[in-house]
Amino acid sequence: MSDLKDKTVMVTGASSGFGLACAKSFAQKGCKVIAAARRKERLDDLKQELKQELGEDRVFVLPLDVTSEEQVNSMFDAIPEEYSKIDILVNNAGLALGLEPAHQADLTDWNRMVDTNIKGLYLMTRKILPGMVERKSGHIINIGSIAGNYAYPGGNAYGATKAFVKQFSRNLRADLLGTQVRVTNIEPGLAETEFSLVRFHGDKDKADNVYKGANPLTAEDIAESVLWAAEQPQHVNINSIELMPTSQAWAALAIDKV
Ligand code: NDP
Ligand code: 8X3
């Protein structure tokens with residue numbers, strides 16, 4: 001196992017769900033964490049909580065909208081020198097919006113998913129990768145989804161953005177051969193976070209209903225798989241991890257009978 005102590009880890013979407021759990025887990029392992037998201041107050045709370053728990057400050061709060069090329073391009077102006085050599089990037093910021101069939105879906109939702117899950121992820125990667133290649137060390141950990149592997153009704157654009165994440169991760173590996181930079185795609189299934197609340201535009205009853213009785217994965221389960229991939233010895237690259245709750249499995253293909 002590789003020792004993560006004193007590694008610098010940047011986590012996007014650290015204000016909630018998987019990103020929050022990852023930021024905590026990496027800090028608890030002795031890493032310096034750049035916690036990035038749009039909701040700064042939540043990141044400030046995370047910083048304070050970890051400072052109290054660990055007895056030292058290991059979090060740099062970076063307010064960031066990953067869809068903004070300008071913000072991503074200028075982010076190193078705000079990041080202090082001691083956090084500037086990023087060893088691990090967790091590209092986690094992302095969202096699903098809507099579950100309507102394609103012919104009824106809201107185009108604004110589709111645009112936001114593409115901007116965040118695809119463009120945000122590649123902007124972050126393109127910004128941070130050159131430093132990793134130069135240092136001949138680094139790990140990009142993308143948060144994909146089972147939705148990038150299997151189709152489901154209403155998954156339309158969301159699933160397609162996660163299929164991008166899957167193939168982009170593989171293509172990065174192809175480009176990075178010989179650089180020592182590792183790439184992993186984590187592909188979770190049903191996990192209880194604010195994901196459904198966002199997907200259903202704040203409808204809490206609808207969101208709660210997704211998880212009721214389902215015994216879903218937790219954000220901590222995902223953080224554990226992210227950490228496990230990061231802790232592998234340098235000669236081991238975990239290409240992907242697909243995980244689902246035991247309560248989730250495939251169903252038969254649908255047939256429209258007349
Ligand atoms: P949450 O809604 O709990 O967290 C999403 C995070 O993404 C928030 O911290 C949010 O922060 C951040 N985010 C969204 N848009 C932006 C943006 N433009 N710029 C920066 N940060 C942004 O959901 P999850 O933790 O569940 O989702 C995390 C990732 O996991 C997503 O990529 C999602 O697609 C994926 N996933 C989720 C699954 C699930 O069932 N929960 C399963 C498989 C994959 P803020 O709003 O403060 O900016
Ligand atoms: C989230 C998992 O199945 O709700 O990516 O799309 S799913």
# chains A, B, ... in the order shown; residues from 1 in each chain; ligands from 1

call {"tool": "residues_around", "arguments": {"residues": "A:Asn239", "least_positions_apart": "4", "cutoff": "7 Å", "atoms": "only C-alpha atoms", "output": "PyMOL selection string"}}
result
chain A and resi 183-185

call {"tool": "write_last_selection", "arguments": {"atoms": "N, CA and C atoms", "output": "JSON list (two decimals), in the first residue's frame"}}
result
[["chain", "number", "residue", "atom", "x", "y", "z"],
["A", 183, "VAL", "N", -4.89, 6.63, -13.52],
["A", 183, "VAL", "CA", -6.28, 7.08, -13.75],
["A", 183, "VAL", "C", -7.24, 5.97, -13.34],
["A", 184, "THR", "N", -8.24, 6.35, -12.59],
["A", 184, "THR", "CA", -9.25, 5.39, -12.12],
["A", 184, "THR", "C", -10.64, 5.96, -12.33],
["A", 185, "ASN", "N", -11.56, 5.12, -12.77],
["A", 185, "ASN", "CA", -12.96, 5.53, -12.84],
["A", 185, "ASN", "C", -13.77, 4.73, -11.82]]

call {"tool": "residues_around", "arguments": {"residues": "stretch 88-105 of chain A", "least_positions_apart": "6", "cutoff": "9 Å", "atoms": "only C-alpha atoms", "output": "PyMOL selection string"}}
result
chain A and resi 7-14+18-19+22+36-37+66+112-113+116-118+120-122+124-125+128+132+138-144+153-159+195-196+198-201+226+230

call {"tool": "residues_near_ligand", "arguments": {"ligand": "ligand 2", "cutoff": "6 Å", "atoms": "only C-alpha atoms and all ligand atoms", "output": "list in words"}}
result
Ser145, Ile146, Ala147, Gly189 and Leu190 of chain A

call {"tool": "select_by_dssp", "arguments": {"residues": "stretch 139-245 of chain A", "states": "strand (DSSP E or B)", "output": "PyMOL selection string"}}
result
chain A and resi 139-143+181-188+191+217+240-243

call {"tool": "write_last_selection", "arguments": {"atoms": "N, CA and C atoms", "output": "short mmCIF file (atom, residue, chain, number, x, y, z; two decimals), in the first residue's frame"}}
result
data_model
loop_
_atom_site.label_atom_id
_atom_site.label_comp_id
_atom_site.auth_asym_id
_atom_site.auth_seq_id
_atom_site.Cartn_x
_atom_site.Cartn_y
_atom_site.Cartn_z
N HIS A 139 -2.47 11.05 -9.69
CA HIS A 139 -3.58 10.10 -9.82
C HIS A 139 -4.86 10.91 -10.05
N ILE A 140 -5.51 10.64 -11.16
CA ILE A 140 -6.81 11.25 -11.45
C ILE A 140 -7.87 10.20 -11.12
N ILE A 141 -8.74 10.53 -10.19
CA ILE A 141 -9.81 9.58 -9.84
C ILE A 141 -11.14 10.23 -10.23
N ASN A 142 -11.75 9.68 -11.26
CA ASN A 142 -13.02 10.22 -11.75
C ASN A 142 -14.19 9.49 -11.12
N ILE A 143 -15.25 10.23 -10.85
CA ILE A 143 -16.47 9.58 -10.35
C ILE A 143 -17.43 9.44 -11.52
N VAL A 181 1.53 8.62 -14.22
CA VAL A 181 0.25 9.19 -13.73
C VAL A 181 -0.83 8.12 -13.89
N ARG A 182 -1.57 7.90 -12.81
CA ARG A 182 -2.60 6.84 -12.80
C ARG A 182 -4.00 7.44 -13.00
N VAL A 183 -4.89 6.63 -13.52
CA VAL A 183 -6.28 7.08 -13.75
C VAL A 183 -7.24 5.97 -13.34
N THR A 184 -8.24 6.35 -12.59
CA THR A 184 -9.25 5.39 -12.12
C THR A 184 -10.64 5.96 -12.33
N ASN A 185 -11.56 5.12 -12.77
CA ASN A 185 -12.96 5.53 -12.84
C ASN A 185 -13.77 4.73 -11.82
N ILE A 186 -14.37 5.43 -10.88
CA ILE A 186 -15.23 4.78 -9.87
C ILE A 186 -16.66 4.84 -10.40
N GLU A 187 -17.34 3.71 -10.40
CA GLU A 187 -18.68 3.63 -11.02
C GLU A 187 -19.71 3.14 -10.01
N PRO A 188 -20.22 4.05 -9.18
CA PRO A 188 -21.17 3.63 -8.15
C PRO A 188 -22.59 3.45 -8.68
N ALA A 191 -26.73 5.32 -4.35
CA ALA A 191 -26.10 5.77 -3.11
C ALA A 191 -26.86 6.98 -2.57
N LEU A 217 -26.06 2.32 -1.02
CA LEU A 217 -24.69 2.63 -0.63
C LEU A 217 -24.68 3.96 0.12
N SER A 240 -10.94 0.65 -13.04
CA SER A 240 -12.31 1.01 -12.66
C SER A 240 -12.79 0.16 -11.50
N ILE A 241 -13.70 0.72 -10.76
CA ILE A 241 -14.39 -0.04 -9.71
C ILE A 241 -15.87 0.20 -9.90
N GLU A 242 -16.62 -0.85 -10.14
CA GLU A 242 -18.07 -0.72 -10.23
C GLU A 242 -18.67 -1.32 -8.96
N LEU A 243 -19.43 -0.53 -8.24
CA LEU A 243 -20.03 -1.06 -7.00
C LEU A 243 -21.50 -0.67 -6.90
#

call {"tool": "atom_distance", "arguments": {"atom1": "atom CA of A:Leu50", "atom2": "atom 24 (P, counted along the ligand's line) of ligand 1"}}
result
20.2 Å

call {"tool": "closest_residue", "arguments": {"among": "A:Leu64, A:Val236, A:Ile222, A:Ile34", "to": "A:Glu81", "atoms": "only C-alpha atoms"}}
result
A:Ile34

call {"tool": "atom_distance", "arguments": {"atom1": "atom CA of A:Pro63", "atom2": "atom 40 (O, counted along the ligand's line) of ligand 1"}}
result
23.8 Å

call {"tool": "residues_around", "arguments": {"residues": "A:Glu220", "least_positions_apart": "4", "cutoff": "9 Å", "atoms": "only C-alpha atoms", "output": "PyMOL selection string"}}
result
chain A and resi 17-18+21-22+25+224-225

call {"tool": "closest_residue", "arguments": {"among": "A:Ser68, A:Gln28, A:Thr193, A:Thr108", "to": "ligand 1", "atoms": "only C-alpha atoms and all ligand atoms"}}
result
A:Thr193

call {"tool": "closest_residue", "arguments": {"among": "A:Ser137, A:Asn149, A:Gln180, A:Ser2", "to": "A:Asp87", "atoms": "only C-alpha atoms"}}
result
A:Ser137

call {"tool": "closest_residue", "arguments": {"among": "A:Ala23, A:Val258, A:Leu129, A:Leu227", "to": "ligand 1", "atoms": "only C-alpha atoms and all ligand atoms"}}
result
A:Ala23

call {"tool": "closest_residue", "arguments": {"among": "A:Ser15, A:Ser74, A:Gln248, A:Ser169", "to": "A:Lys47", "atoms": "only C-alpha atoms"}}
result
A:Ser15

call {"tool": "closest_residue", "arguments": {"among": "A:Leu4, A:Gly202, A:Gly131, A:Ala163", "to": "A:Pro233", "atoms": "only C-alpha atoms"}}
result
A:Leu4

call {"tool": "residues_around", "arguments": {"residues": "A:Ala78", "least_positions_apart": "5", "cutoff": "10 Å", "atoms": "only C-alpha atoms", "output": "PyMOL selection string"}}
result
chain A and resi 60-63+84

call {"tool": "write_last_selection", "arguments": {"atoms": "C-alpha atoms", "output": "tab-separated table (two decimals), in the first residue's frame"}}
result
chain	number	residue	atom	x	y	z
A	60	PHE	CA	-7.82	24.66	1.92
A	61	VAL	CA	-11.24	25.92	0.91
A	62	LEU	CA	-11.59	26.77	-2.78
A	63	PRO	CA	-14.90	28.23	-3.95
A	84	SER	CA	-0.11	23.68	-5.26
